[in-house]
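Trainee: This is the content of start_38.cif (mmCIF, C-alpha atoms; chains and numbers go by the auth columns):
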data_my_file
#
loop_
_atom_site.group_PDB
_atom_site.id
_atom_site.type_symbol
_atom_site.label_atom_id
_atom_site.label_comp_id
_atom_site.label_asym_id
_atom_site.label_seq_id
_atom_site.Cartn_x
_atom_site.Cartn_y
_atom_site.Cartn_z
_atom_site.B_iso_or_equiv
_atom_site.auth_seq_id
_atom_site.auth_asym_id
ATOM 1 C CA MET A 1 163.463 106.591 55.027 0.00 1 A
ATOM 2 C CA LEU A 2 160.785 108.320 57.105 0.00 2 A
ATOM 3 C CA LEU A 3 160.418 111.067 54.514 0.00 3 A
ATOM 4 C CA HIS A 4 159.842 108.564 51.691 0.00 4 A
ATOM 5 C CA LEU A 5 157.224 106.698 53.723 0.00 5 A
ATOM 6 C CA GLN A 6 155.468 109.954 54.614 0.00 6 A
ATOM 7 C CA ASN A 7 155.433 110.965 50.943 0.00 7 A
ATOM 8 C CA ALA A 8 153.935 107.595 50.002 0.00 8 A
ATOM 9 C CA ARG A 9 151.182 108.049 52.603 0.00 9 A
ATOM 10 C CA LYS A 10 150.410 111.530 51.258 0.00 10 A
ATOM 11 C CA ARG A 11 150.109 110.160 47.734 0.00 11 A
ATOM 12 C CA VAL A 12 147.668 107.479 48.925 0.00 12 A
ATOM 13 C CA LEU A 13 145.497 110.131 50.589 0.00 13 A
ATOM 14 C CA ARG A 14 145.338 112.137 47.354 0.00 14 A
ATOM 15 C CA MET A 15 144.226 109.147 45.266 0.00 15 A
ATOM 16 C CA ASN A 16 140.678 108.615 44.088 0.00 16 A
ATOM 17 C CA PHE A 17 141.124 104.903 43.332 0.00 17 A
ATOM 18 C CA LYS A 18 139.436 102.346 45.549 0.00 18 A
ATOM 19 C CA GLU A 19 141.418 99.306 44.498 0.00 19 A
ATOM 20 C CA ILE A 20 143.613 97.668 47.097 0.00 20 A
ATOM 21 C CA GLY A 21 146.389 97.587 44.507 0.00 21 A
ATOM 22 C CA VAL A 22 146.894 101.323 44.876 0.00 22 A
ATOM 23 C CA PHE A 23 147.781 100.960 48.551 0.00 23 A
ATOM 24 C CA ILE A 24 150.125 98.067 47.869 0.00 24 A
ATOM 25 C CA LEU A 25 151.766 100.056 45.077 0.00 25 A
ATOM 26 C CA ALA A 26 152.400 103.067 47.330 0.00 26 A
ATOM 27 C CA TYR A 27 153.783 100.863 50.085 0.00 27 A
ATOM 28 C CA THR A 28 156.061 98.940 47.715 0.00 28 A
ATOM 29 C CA PHE A 29 157.171 102.178 46.072 0.00 29 A
ATOM 30 C CA ALA A 30 158.203 103.635 49.442 0.00 30 A
ATOM 31 C CA LEU A 31 160.140 100.497 50.358 0.00 31 A
ATOM 32 C CA CYS A 32 161.995 100.576 47.031 0.00 32 A
ATOM 33 C CA LEU A 33 163.045 104.162 47.641 0.00 33 A
ATOM 34 C CA THR A 34 164.120 103.318 51.168 0.00 34 A
ATOM 35 C CA ASN A 35 166.310 100.439 49.980 0.00 35 A
ATOM 36 C CA ALA A 36 167.978 102.666 47.412 0.00 36 A
ATOM 37 C CA SER A 37 169.026 105.316 49.896 0.00 37 A
ATOM 38 C CA ASP A 38 169.746 103.262 53.002 0.00 38 A
ATOM 39 C CA SER A 39 171.318 99.980 51.932 0.00 39 A
ATOM 40 C CA PRO A 40 173.162 98.545 48.907 0.00 40 A
ATOM 41 C CA ARG A 41 171.626 95.129 49.594 0.00 41 A
ATOM 42 C CA ASP A 42 168.299 93.724 50.749 0.00 42 A
ATOM 43 C CA SER A 43 166.786 90.332 51.534 0.00 43 A
ATOM 44 C CA ASP A 44 165.686 89.774 47.921 0.00 44 A
ATOM 45 C CA TYR A 45 168.963 90.749 46.253 0.00 45 A
ATOM 46 C CA ASP A 46 171.781 89.924 48.632 0.00 46 A
ATOM 47 C CA TYR A 47 174.628 90.391 46.156 0.00 47 A
ATOM 48 C CA ASP A 48 176.828 93.106 44.727 0.00 48 A
ATOM 49 C CA PRO A 49 175.917 94.067 41.154 0.00 49 A
ATOM 50 C CA PRO A 50 178.728 93.976 38.575 0.00 50 A
ATOM 51 C CA ALA A 51 180.694 97.129 37.932 0.00 51 A
ATOM 52 C CA PRO A 52 179.380 99.097 34.923 0.00 52 A
ATOM 53 C CA GLY A 53 181.457 98.383 31.835 0.00 53 A
ATOM 54 C CA SER A 54 182.916 95.155 33.219 0.00 54 A
ATOM 55 C CA TYR A 55 180.597 93.088 31.040 0.00 55 A
ATOM 56 C CA ALA A 56 178.776 93.259 27.711 0.00 56 A
ATOM 57 C CA LEU A 57 175.055 93.286 26.948 0.00 57 A
ATOM 58 C CA PRO A 58 174.418 91.564 23.600 0.00 58 A
ATOM 59 C CA VAL A 59 171.542 92.719 21.431 0.00 59 A
ATOM 60 C CA VAL A 60 168.468 90.568 22.064 0.00 60 A
ATOM 61 C CA LYS A 61 166.269 91.915 19.271 0.00 61 A
ATOM 62 C CA LEU A 62 164.768 95.132 17.952 0.00 62 A
ATOM 63 C CA ALA A 63 162.110 96.788 20.073 0.00 63 A
ATOM 64 C CA ALA A 64 158.751 96.629 18.311 0.00 64 A
ATOM 65 C CA ASP A 65 156.727 99.658 17.273 0.00 65 A
ATOM 66 C CA GLY A 66 153.004 100.308 17.617 0.00 66 A
ATOM 67 C CA ALA A 67 150.375 103.009 18.041 0.00 67 A
ATOM 68 C CA LEU A 68 149.546 104.035 21.624 0.00 68 A
ATOM 69 C CA LEU A 69 147.779 106.804 23.517 0.00 69 A
ATOM 70 C CA ASP A 70 149.533 109.037 26.036 0.00 70 A
ATOM 71 C CA THR A 71 147.970 110.605 29.126 0.00 71 A
ATOM 72 C CA ASN A 72 146.778 113.548 26.995 0.00 72 A
ATOM 73 C CA ASN A 73 144.837 111.143 24.763 0.00 73 A
ATOM 74 C CA LYS A 74 147.231 111.839 21.887 0.00 74 A
ATOM 75 C CA VAL A 75 148.497 109.129 19.561 0.00 75 A
ATOM 76 C CA VAL A 76 152.157 108.325 20.083 0.00 76 A
ATOM 77 C CA ASN A 77 154.322 105.808 18.244 0.00 77 A
ATOM 78 C CA LEU A 78 156.088 103.376 20.530 0.00 78 A
ATOM 79 C CA ARG A 79 159.166 103.777 18.353 0.00 79 A
ATOM 80 C CA ASP A 80 159.447 107.385 19.524 0.00 80 A
ATOM 81 C CA LEU A 81 159.592 106.126 23.107 0.00 81 A
ATOM 82 C CA THR A 82 162.322 103.544 22.450 0.00 82 A
ATOM 83 C CA HIS A 83 164.833 105.644 20.502 0.00 83 A
ATOM 84 C CA GLY A 84 167.109 108.521 21.409 0.00 84 A
ATOM 85 C CA ARG A 85 167.530 107.620 25.089 0.00 85 A
ATOM 86 C CA VAL A 86 168.312 104.486 27.043 0.00 86 A
ATOM 87 C CA THR A 87 164.814 103.272 27.857 0.00 87 A
ATOM 88 C CA VAL A 88 163.480 101.085 30.648 0.00 88 A
ATOM 89 C CA LEU A 89 160.075 99.817 29.516 0.00 89 A
ATOM 90 C CA SER A 90 157.550 97.835 31.527 0.00 90 A
ATOM 91 C CA PHE A 91 154.043 96.461 30.978 0.00 91 A
ATOM 92 C CA ILE A 92 151.601 97.089 33.818 0.00 92 A
ATOM 93 C CA TYR A 93 147.969 97.586 34.728 0.00 93 A
ATOM 94 C CA THR A 94 146.819 99.833 37.547 0.00 94 A
ATOM 95 C CA ARG A 95 144.415 97.314 39.108 0.00 95 A
ATOM 96 C CA CYS A 96 147.258 94.877 39.798 0.00 96 A
ATOM 97 C CA ALA A 97 147.736 94.152 43.502 0.00 97 A
ATOM 98 C CA ALA A 98 150.239 91.271 43.310 0.00 98 A
ATOM 99 C CA PRO A 99 153.148 92.369 45.545 0.00 99 A
ATOM 100 C CA LYS A 100 155.762 91.029 43.103 0.00 100 A
ATOM 101 C CA GLY A 101 153.801 92.179 40.057 0.00 101 A
ATOM 102 C CA CYS A 102 153.047 95.651 38.775 0.00 102 A
ATOM 103 C CA PRO A 103 153.415 97.420 42.143 0.00 103 A
ATOM 104 C CA TYR A 104 156.950 96.081 42.389 0.00 104 A
ATOM 105 C CA ALA A 105 157.854 96.944 38.776 0.00 105 A
ATOM 106 C CA VAL A 106 156.449 100.466 39.107 0.00 106 A
ATOM 107 C CA GLY A 107 158.295 100.834 42.397 0.00 107 A
ATOM 108 C CA ILE A 108 161.615 99.961 40.748 0.00 108 A
ATOM 109 C CA LEU A 109 161.003 102.473 37.948 0.00 109 A
ATOM 110 C CA GLY A 110 160.050 104.993 40.614 0.00 110 A
ATOM 111 C CA GLN A 111 163.347 104.341 42.346 0.00 111 A
ATOM 112 C CA LEU A 112 165.236 104.981 39.102 0.00 112 A
ATOM 113 C CA HIS A 113 163.213 108.152 38.584 0.00 113 A
ATOM 114 C CA ASP A 114 164.076 109.335 42.065 0.00 114 A
ATOM 115 C CA LEU A 115 167.769 108.625 41.508 0.00 115 A
ATOM 116 C CA THR A 116 167.840 110.626 38.270 0.00 116 A
ATOM 117 C CA ALA A 117 166.366 113.613 40.101 0.00 117 A
ATOM 118 C CA LYS A 118 169.704 113.765 41.887 0.00 118 A
ATOM 119 C CA ASP A 119 171.789 113.186 38.744 0.00 119 A
ATOM 120 C CA LYS A 120 170.913 115.671 35.992 0.00 120 A
ATOM 121 C CA ALA A 121 173.306 114.125 33.469 0.00 121 A
ATOM 122 C CA LEU A 122 171.747 110.702 33.947 0.00 122 A
ATOM 123 C CA ALA A 123 168.245 112.202 33.777 0.00 123 A
ATOM 124 C CA LYS A 124 168.974 113.435 30.252 0.00 124 A
ATOM 125 C CA THR A 125 169.980 109.992 29.038 0.00 125 A
ATOM 126 C CA ILE A 126 167.230 107.779 30.521 0.00 126 A
ATOM 127 C CA ARG A 127 163.558 107.395 29.706 0.00 127 A
ATOM 128 C CA LEU A 128 161.037 105.305 31.624 0.00 128 A
ATOM 129 C CA VAL A 129 157.964 103.917 29.873 0.00 129 A
ATOM 130 C CA SER A 130 155.005 102.165 31.512 0.00 130 A
ATOM 131 C CA ILE A 131 152.520 100.578 29.081 0.00 131 A
ATOM 132 C CA SER A 132 149.144 99.475 30.399 0.00 132 A
ATOM 133 C CA PHE A 133 147.697 96.282 28.930 0.00 133 A
ATOM 134 C CA ASP A 134 144.270 97.064 30.425 0.00 134 A
ATOM 135 C CA PRO A 135 143.039 99.787 28.028 0.00 135 A
ATOM 136 C CA GLU A 136 139.368 99.347 28.896 0.00 136 A
ATOM 137 C CA TYR A 137 140.063 100.426 32.483 0.00 137 A
ATOM 138 C CA ASP A 138 143.344 102.325 32.156 0.00 138 A
ATOM 139 C CA THR A 139 142.098 105.167 29.987 0.00 139 A
ATOM 140 C CA PRO A 140 144.409 108.122 29.290 0.00 140 A
ATOM 141 C CA GLN A 141 142.565 110.133 31.948 0.00 141 A
ATOM 142 C CA HIS A 142 142.939 107.370 34.509 0.00 142 A
ATOM 143 C CA LEU A 143 146.621 106.914 33.696 0.00 143 A
ATOM 144 C CA ALA A 144 147.197 110.663 34.035 0.00 144 A
ATOM 145 C CA ALA A 145 145.843 110.602 37.597 0.00 145 A
ATOM 146 C CA TYR A 146 147.784 107.429 38.362 0.00 146 A
ATOM 147 C CA ALA A 147 151.042 108.938 37.052 0.00 147 A
ATOM 148 C CA GLU A 148 150.557 112.100 39.074 0.00 148 A
ATOM 149 C CA ASN A 149 150.361 110.053 42.259 0.00 149 A
ATOM 150 C CA ILE A 150 153.267 107.790 41.379 0.00 150 A
ATOM 151 C CA ARG A 151 156.031 110.162 40.354 0.00 151 A
ATOM 152 C CA GLU A 152 157.972 111.089 43.482 0.00 152 A
ATOM 153 C CA GLU A 153 160.052 113.818 41.855 0.00 153 A
ATOM 154 C CA ASN A 154 159.084 116.244 39.097 0.00 154 A
ATOM 155 C CA SER A 155 162.705 116.886 38.202 0.00 155 A
ATOM 156 C CA GLY A 156 163.682 113.300 37.382 0.00 156 A
ATOM 157 C CA CYS A 157 164.023 111.707 33.980 0.00 157 A
ATOM 158 C CA GLU A 158 161.213 111.463 31.438 0.00 158 A
ATOM 159 C CA TRP A 159 158.585 108.920 32.545 0.00 159 A
ATOM 160 C CA ARG A 160 155.783 108.224 30.075 0.00 160 A
ATOM 161 C CA PHE A 161 152.569 106.352 30.832 0.00 161 A
ATOM 162 C CA VAL A 162 150.741 105.047 27.772 0.00 162 A
ATOM 163 C CA THR A 163 147.889 102.742 26.851 0.00 163 A
ATOM 164 C CA ALA A 164 146.039 101.739 23.679 0.00 164 A
ATOM 165 C CA LYS A 165 142.669 102.496 22.153 0.00 165 A
ATOM 166 C CA SER A 166 141.645 98.856 22.537 0.00 166 A
ATOM 167 C CA ARG A 167 142.968 95.452 23.434 0.00 167 A
ATOM 168 C CA ALA A 168 142.862 94.540 19.741 0.00 168 A
ATOM 169 C CA GLU A 169 145.277 97.355 18.884 0.00 169 A
ATOM 170 C CA LEU A 170 147.504 96.447 21.816 0.00 170 A
ATOM 171 C CA GLU A 171 147.697 92.742 21.018 0.00 171 A
ATOM 172 C CA PRO A 172 150.429 92.982 18.310 0.00 172 A
ATOM 173 C CA ILE A 173 152.633 94.912 20.734 0.00 173 A
ATOM 174 C CA LEU A 174 152.130 92.331 23.479 0.00 174 A
ATOM 175 C CA LEU A 175 152.983 89.538 21.052 0.00 175 A
ATOM 176 C CA ALA A 176 156.103 91.319 19.823 0.00 176 A
ATOM 177 C CA TYR A 177 157.383 91.708 23.385 0.00 177 A
ATOM 178 C CA ASP A 178 156.244 88.208 24.439 0.00 178 A
ATOM 179 C CA GLN A 179 154.115 89.740 27.174 0.00 179 A
ATOM 180 C CA ALA A 180 151.425 87.199 27.989 0.00 180 A
ATOM 181 C CA VAL A 181 148.285 88.469 29.727 0.00 181 A
ATOM 182 C CA ASP A 182 145.323 86.309 30.761 0.00 182 A
ATOM 183 C CA LYS A 183 142.092 86.916 32.631 0.00 183 A
ATOM 184 C CA ARG A 184 141.894 85.254 36.014 0.00 184 A
ATOM 185 C CA SER A 185 139.065 82.790 36.534 0.00 185 A
ATOM 186 C CA ASN A 186 137.904 84.936 39.436 0.00 186 A
ATOM 187 C CA PRO A 187 137.591 88.571 38.310 0.00 187 A
ATOM 188 C CA ALA A 188 137.381 89.596 41.973 0.00 188 A
ATOM 189 C CA ASP A 189 140.738 88.004 42.789 0.00 189 A
ATOM 190 C CA PRO A 190 142.440 90.182 45.439 0.00 190 A
ATOM 191 C CA GLN A 191 145.600 90.319 43.303 0.00 191 A
ATOM 192 C CA GLY A 192 143.674 91.779 40.364 0.00 192 A
ATOM 193 C CA PRO A 193 141.557 90.501 37.462 0.00 193 A
ATOM 194 C CA LEU A 194 144.495 89.834 35.108 0.00 194 A
ATOM 195 C CA TYR A 195 147.372 87.382 35.354 0.00 195 A
ATOM 196 C CA HIS A 196 150.755 88.144 33.802 0.00 196 A
ATOM 197 C CA LEU A 197 154.476 87.695 34.274 0.00 197 A
ATOM 198 C CA VAL A 198 156.674 90.694 34.990 0.00 198 A
ATOM 199 C CA ARG A 199 158.791 91.641 31.990 0.00 199 A
ATOM 200 C CA VAL A 200 160.838 94.837 31.998 0.00 200 A
ATOM 201 C CA PHE A 201 162.993 95.749 29.006 0.00 201 A
ATOM 202 C CA LEU A 202 166.254 97.651 28.741 0.00 202 A
ATOM 203 C CA ILE A 203 166.450 99.308 25.330 0.00 203 A
ATOM 204 C CA ASP A 204 169.414 101.232 23.934 0.00 204 A
ATOM 205 C CA ARG A 205 169.234 104.528 22.030 0.00 205 A
ATOM 206 C CA GLN A 206 169.007 102.678 18.712 0.00 206 A
ATOM 207 C CA GLY A 207 165.866 100.851 19.779 0.00 207 A
ATOM 208 C CA ARG A 208 167.504 97.496 20.463 0.00 208 A
ATOM 209 C CA ILE A 209 166.541 95.379 23.465 0.00 209 A
ATOM 210 C CA ARG A 210 169.664 94.668 25.513 0.00 210 A
ATOM 211 C CA ASN A 211 168.232 92.986 28.603 0.00 211 A
ATOM 212 C CA ILE A 212 164.922 91.607 29.870 0.00 212 A
ATOM 213 C CA TYR A 213 164.232 91.509 33.600 0.00 213 A
ATOM 214 C CA SER A 214 161.774 89.289 35.439 0.00 214 A
ATOM 215 C CA SER A 215 160.468 89.725 38.967 0.00 215 A
ATOM 216 C CA GLY A 216 163.416 87.622 40.104 0.00 216 A
ATOM 217 C CA THR A 217 166.065 89.812 38.458 0.00 217 A
ATOM 218 C CA LEU A 218 164.454 93.255 38.556 0.00 218 A
ATOM 219 C CA ASP A 219 166.876 95.017 40.893 0.00 219 A
ATOM 220 C CA SER A 220 167.330 98.772 40.455 0.00 220 A
ATOM 221 C CA ARG A 221 171.058 98.454 41.199 0.00 221 A
ATOM 222 C CA LEU A 222 171.456 95.976 38.345 0.00 222 A
ATOM 223 C CA VAL A 223 169.314 98.048 35.978 0.00 223 A
ATOM 224 C CA LEU A 224 171.389 101.138 36.784 0.00 224 A
ATOM 225 C CA ALA A 225 174.630 99.197 36.210 0.00 225 A
ATOM 226 C CA ASP A 226 173.248 98.008 32.851 0.00 226 A
ATOM 227 C CA VAL A 227 172.272 101.552 31.868 0.00 227 A
ATOM 228 C CA LYS A 228 175.749 102.829 32.693 0.00 228 A
ATOM 229 C CA THR A 229 177.278 99.893 30.810 0.00 229 A
ATOM 230 C CA LEU A 230 175.399 100.959 27.681 0.00 230 A
ATOM 231 C CA LEU A 231 176.539 104.559 28.141 0.00 231 A
ATOM 232 C CA LEU A 232 180.157 103.439 28.499 0.00 232 A
ATOM 233 C CA GLU A 233 179.735 101.313 25.369 0.00 233 A
ATOM 234 C CA GLU A 234 178.542 104.392 23.481 0.00 234 A
ATOM 235 C CA SER A 235 181.494 106.406 24.743 0.00 235 A
ATOM 236 C CA LYS A 236 184.003 103.775 23.572 0.00 236 A
ATOM 237 C CA LEU A 237 182.408 103.531 20.139 0.00 237 A
ATOM 238 C CA SER A 238 182.404 107.310 19.691 0.00 238 A
ATOM 239 C CA ASN A 239 186.127 107.447 20.513 0.00 239 A
ATOM 240 C CA GLN A 240 187.091 104.821 17.961 0.00 240 A
#
Just give me the structure of the file as structure tokens.
Mentor:
Amino acid sequence: MLLHLQNARKRVLRMNFKEIGVFILAYTFALCLTNASDSPRDSDYDYDPPAPGSYALPVVKLAADGALLDTNNKVVNLRDLTHGRVTVLSFIYTRCAAPKGCPYAVGILGQLHDLTAKDKALAKTIRLVSISFDPEYDTPQHLAAYAENIREENSGCEWRFVTAKSRAELEPILLAYDQAVDKRSNPADPQGPLYHLVRVFLIDRQGRIRNIYSSGTLDSRLVLADVKTLLLEESKLSNQ
């Protein structure tokens, strides 16, 4: 626990961002990692997740495609980030300071990333994707610096940070994933200038959405159980 908190503090010191959201993100990220290693339950999710493979995850719909920019300012198709691996995809923006918003979602993905650093087989089957819906501020260069400060382990699973050239090019993707984003009436709101609901998507290797998590259901233990359920499903189908 102490080591994770110390690492979070070091990351904050290395950051160049002045927004209060960065501090909240680092703090939330450290707490997520602490919960993963120290306790199977916490005050938010006081339950035992179902055993992997003991339930089914029906297909919700196909994951939409679209043109995005990665942290190297190169065009990447979203389809390439939602096929081939089990993908956990979230929509974020780096100026968000709502404790149960982006900092929490990024913290949960960070926890999964940290766990895969200890499980090489799992690391090869999972991909994490964070899409910014604030392209005017979250440029590829900015996202690159943000990602460098967020990733706890370099040896974990693939974690891609992407944005779009403009809000106009991003809009069809947001609509396809039902990700609503609105400007707050007060652009200086301490929780950030944009209002949105947390939506995190579990996508199978074939690019099909199999679960959608909200801030009330986004528990890394449940996400991990869902990922393993999909992997067990694949194993059964391949043996038929």
Trainee: One number please: CA of Asp226 (chain A) to CA of Leu197 (chain A), in Å, one decimal.
Mentor: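 Separation of CA of Asp226 (chain A) and CA of Leu197 (chain A): 21.5 Å.
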Trainee: Residues within 9 Å of Lys100 (chain A), please, as a ChimeraX atom specification. Count only C-alpha atoms; anything in the same chain fewer than 6 positions from it doesn't count.
Mentor: /A:198,215-216
Trainee: So that I can check the surroundings of Asp219 (chain A), please list as a ChimeraX atom specification every protein, DNA and RNA residue that reaches within 9 Å of it, counting all atoms listed in the file and ignoring chain neighbours fewer than 5 positions away.
Mentor: /A:44-45,108,213,224
Trainee: Out of A:Ser214, A:Asp134, A:Gly53, A:Asp119, which residue has the shortest atom-to-atom distance to Glu171 (chain A) when counting only C-alpha atoms?
Mentor: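 Distance minimum relative to Glu171 (chain A) lands on A:Asp134.
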Trainee: List the neighbours of Gly84 (chain A) out to 8 Å using only C-alpha atoms; skip same-chain residues closer than 5 positions along the sequence, and give me the result as a PyMOL selection string.
Mentor: chain A and resi 205-207
Trainee: From the set A:Ile92, A:Ala51, A:Leu175, A:Leu143, which residue has the shortest atom-to-atom contact distance to Lys228 (chain A), counting all atoms listed in the file?
Mentor: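 Using all atoms listed in the file, Lys228 (chain A) sits closest to A:Ala51.
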Trainee: So, with all atoms listed in the file as the atoms that count, which of A:Arg199, A:Arg160, A:Arg208, A:Lys118 lies closest to Asn72 (chain A)?
Mentor: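 Comparing A:Arg199, A:Arg160, A:Arg208, A:Lys118 against Asn72 (chain A), the winner is A:Arg160.
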Trainee: List as a list in words the residues having at least one atom at most 10 Å from position (160.2, 113.4, 40.2) as given in the file, counting all atoms listed in the file.
Mentor: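 So the residues meeting the distance criterion are Gly110, Gln111, Leu112, His113, Asp114, Leu115, Thr116, Ala117, Lys118, Glu148, Ile150, Arg151, Glu152, Glu153, Asn154, Ser155, Gly156, Cys157, Glu158 and Trp159 of chain A.
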Trainee: Which residue is closest to Arg85 (chain A)? Choose from A:Leu218, A:Leu122, A:Ile212, A:Ala164 and count all atoms listed in the file.
Mentor: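 Closest to Arg85 (chain A) of all the choices is A:Leu122.
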Trainee: Do you know which residues the PyMOL selection byres ((chain A and resi 96) around 8) returns on this file, as a list of chain:residue names?
Mentor: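 Checked against the file, the PyMOL selection byres ((chain A and resi 96) around 8) matches A:Gly21, A:Ile92, A:Tyr93, A:Thr94, A:Arg95, A:Ala97, A:Ala98, A:Gly101, A:Cys102, A:Pro103, A:Gln191, A:Gly192, A:Pro193, A:Leu194.
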Trainee: Can you tell me, as a PyMOL selection string, what residues are no more than 9 Å from Ala180 (chain A) when counting all atoms listed in the file, ignoring any on the same chain fewer than 6 positions away?
Mentor: chain A and resi 174+195-197
Trainee: If the PyMOL selection byres ((chain A and resi 90) around 9) were run on this exact file, what residues would it hold? Put them as a JSON list (two decimals) with C-alpha atoms, keeping the file's coordinate frame.
Mentor:
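Dumped everything to selection-v2.json:
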[["chain", "number", "residue", "atom", "x", "y", "z"],
["A", 88, "VAL", "CA", 163.48, 101.08, 30.65],
["A", 89, "LEU", "CA", 160.07, 99.82, 29.52],
["A", 91, "PHE", "CA", 154.04, 96.46, 30.98],
["A", 92, "ILE", "CA", 151.60, 97.09, 33.82],
["A", 102, "CYS", "CA", 153.05, 95.65, 38.78],
["A", 105, "ALA", "CA", 157.85, 96.94, 38.78],
["A", 106, "VAL", "CA", 156.45, 100.47, 39.11],
["A", 109, "LEU", "CA", 161.00, 102.47, 37.95],
["A", 128, "LEU", "CA", 161.04, 105.30, 31.62],
["A", 129, "VAL", "CA", 157.96, 103.92, 29.87],
["A", 130, "SER", "CA", 155.00, 102.16, 31.51],
["A", 131, "ILE", "CA", 152.52, 100.58, 29.08],
["A", 132, "SER", "CA", 149.14, 99.48, 30.40],
["A", 198, "VAL", "CA", 156.67, 90.69, 34.99],
["A", 199, "ARG", "CA", 158.79, 91.64, 31.99],
["A", 200, "VAL", "CA", 160.84, 94.84, 32.00],
["A", 201, "PHE", "CA", 162.99, 95.75, 29.01]]
Trainee: I'd like the neighbourhood of Arg167 (chain A) as number ranges by chain, where a residue qualifies if any of its atoms comes within 12 Å (using only C-alpha atoms), though same-chain residues fewer than 4 positions away should be ignored.
Mentor: A: 67-68, 132-139, 163, 171-175, 181-182
Trainee: With the PyMOL selection byres ((chain A and resi 50) around 10) as the selection, what would be picked from this file? Answer as a PyMOL selection string, please.
Mentor: chain A and resi 47-49+51-55+221-222+225-226+229
Trainee: Mind pulling up the distance from CA of Glu234 (chain A) to CA of Thr82 (chain A)?
Mentor: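 So the two atoms, CA of Thr82 (chain A) and CA of Glu234 (chain A), lie 16.3 Å apart.
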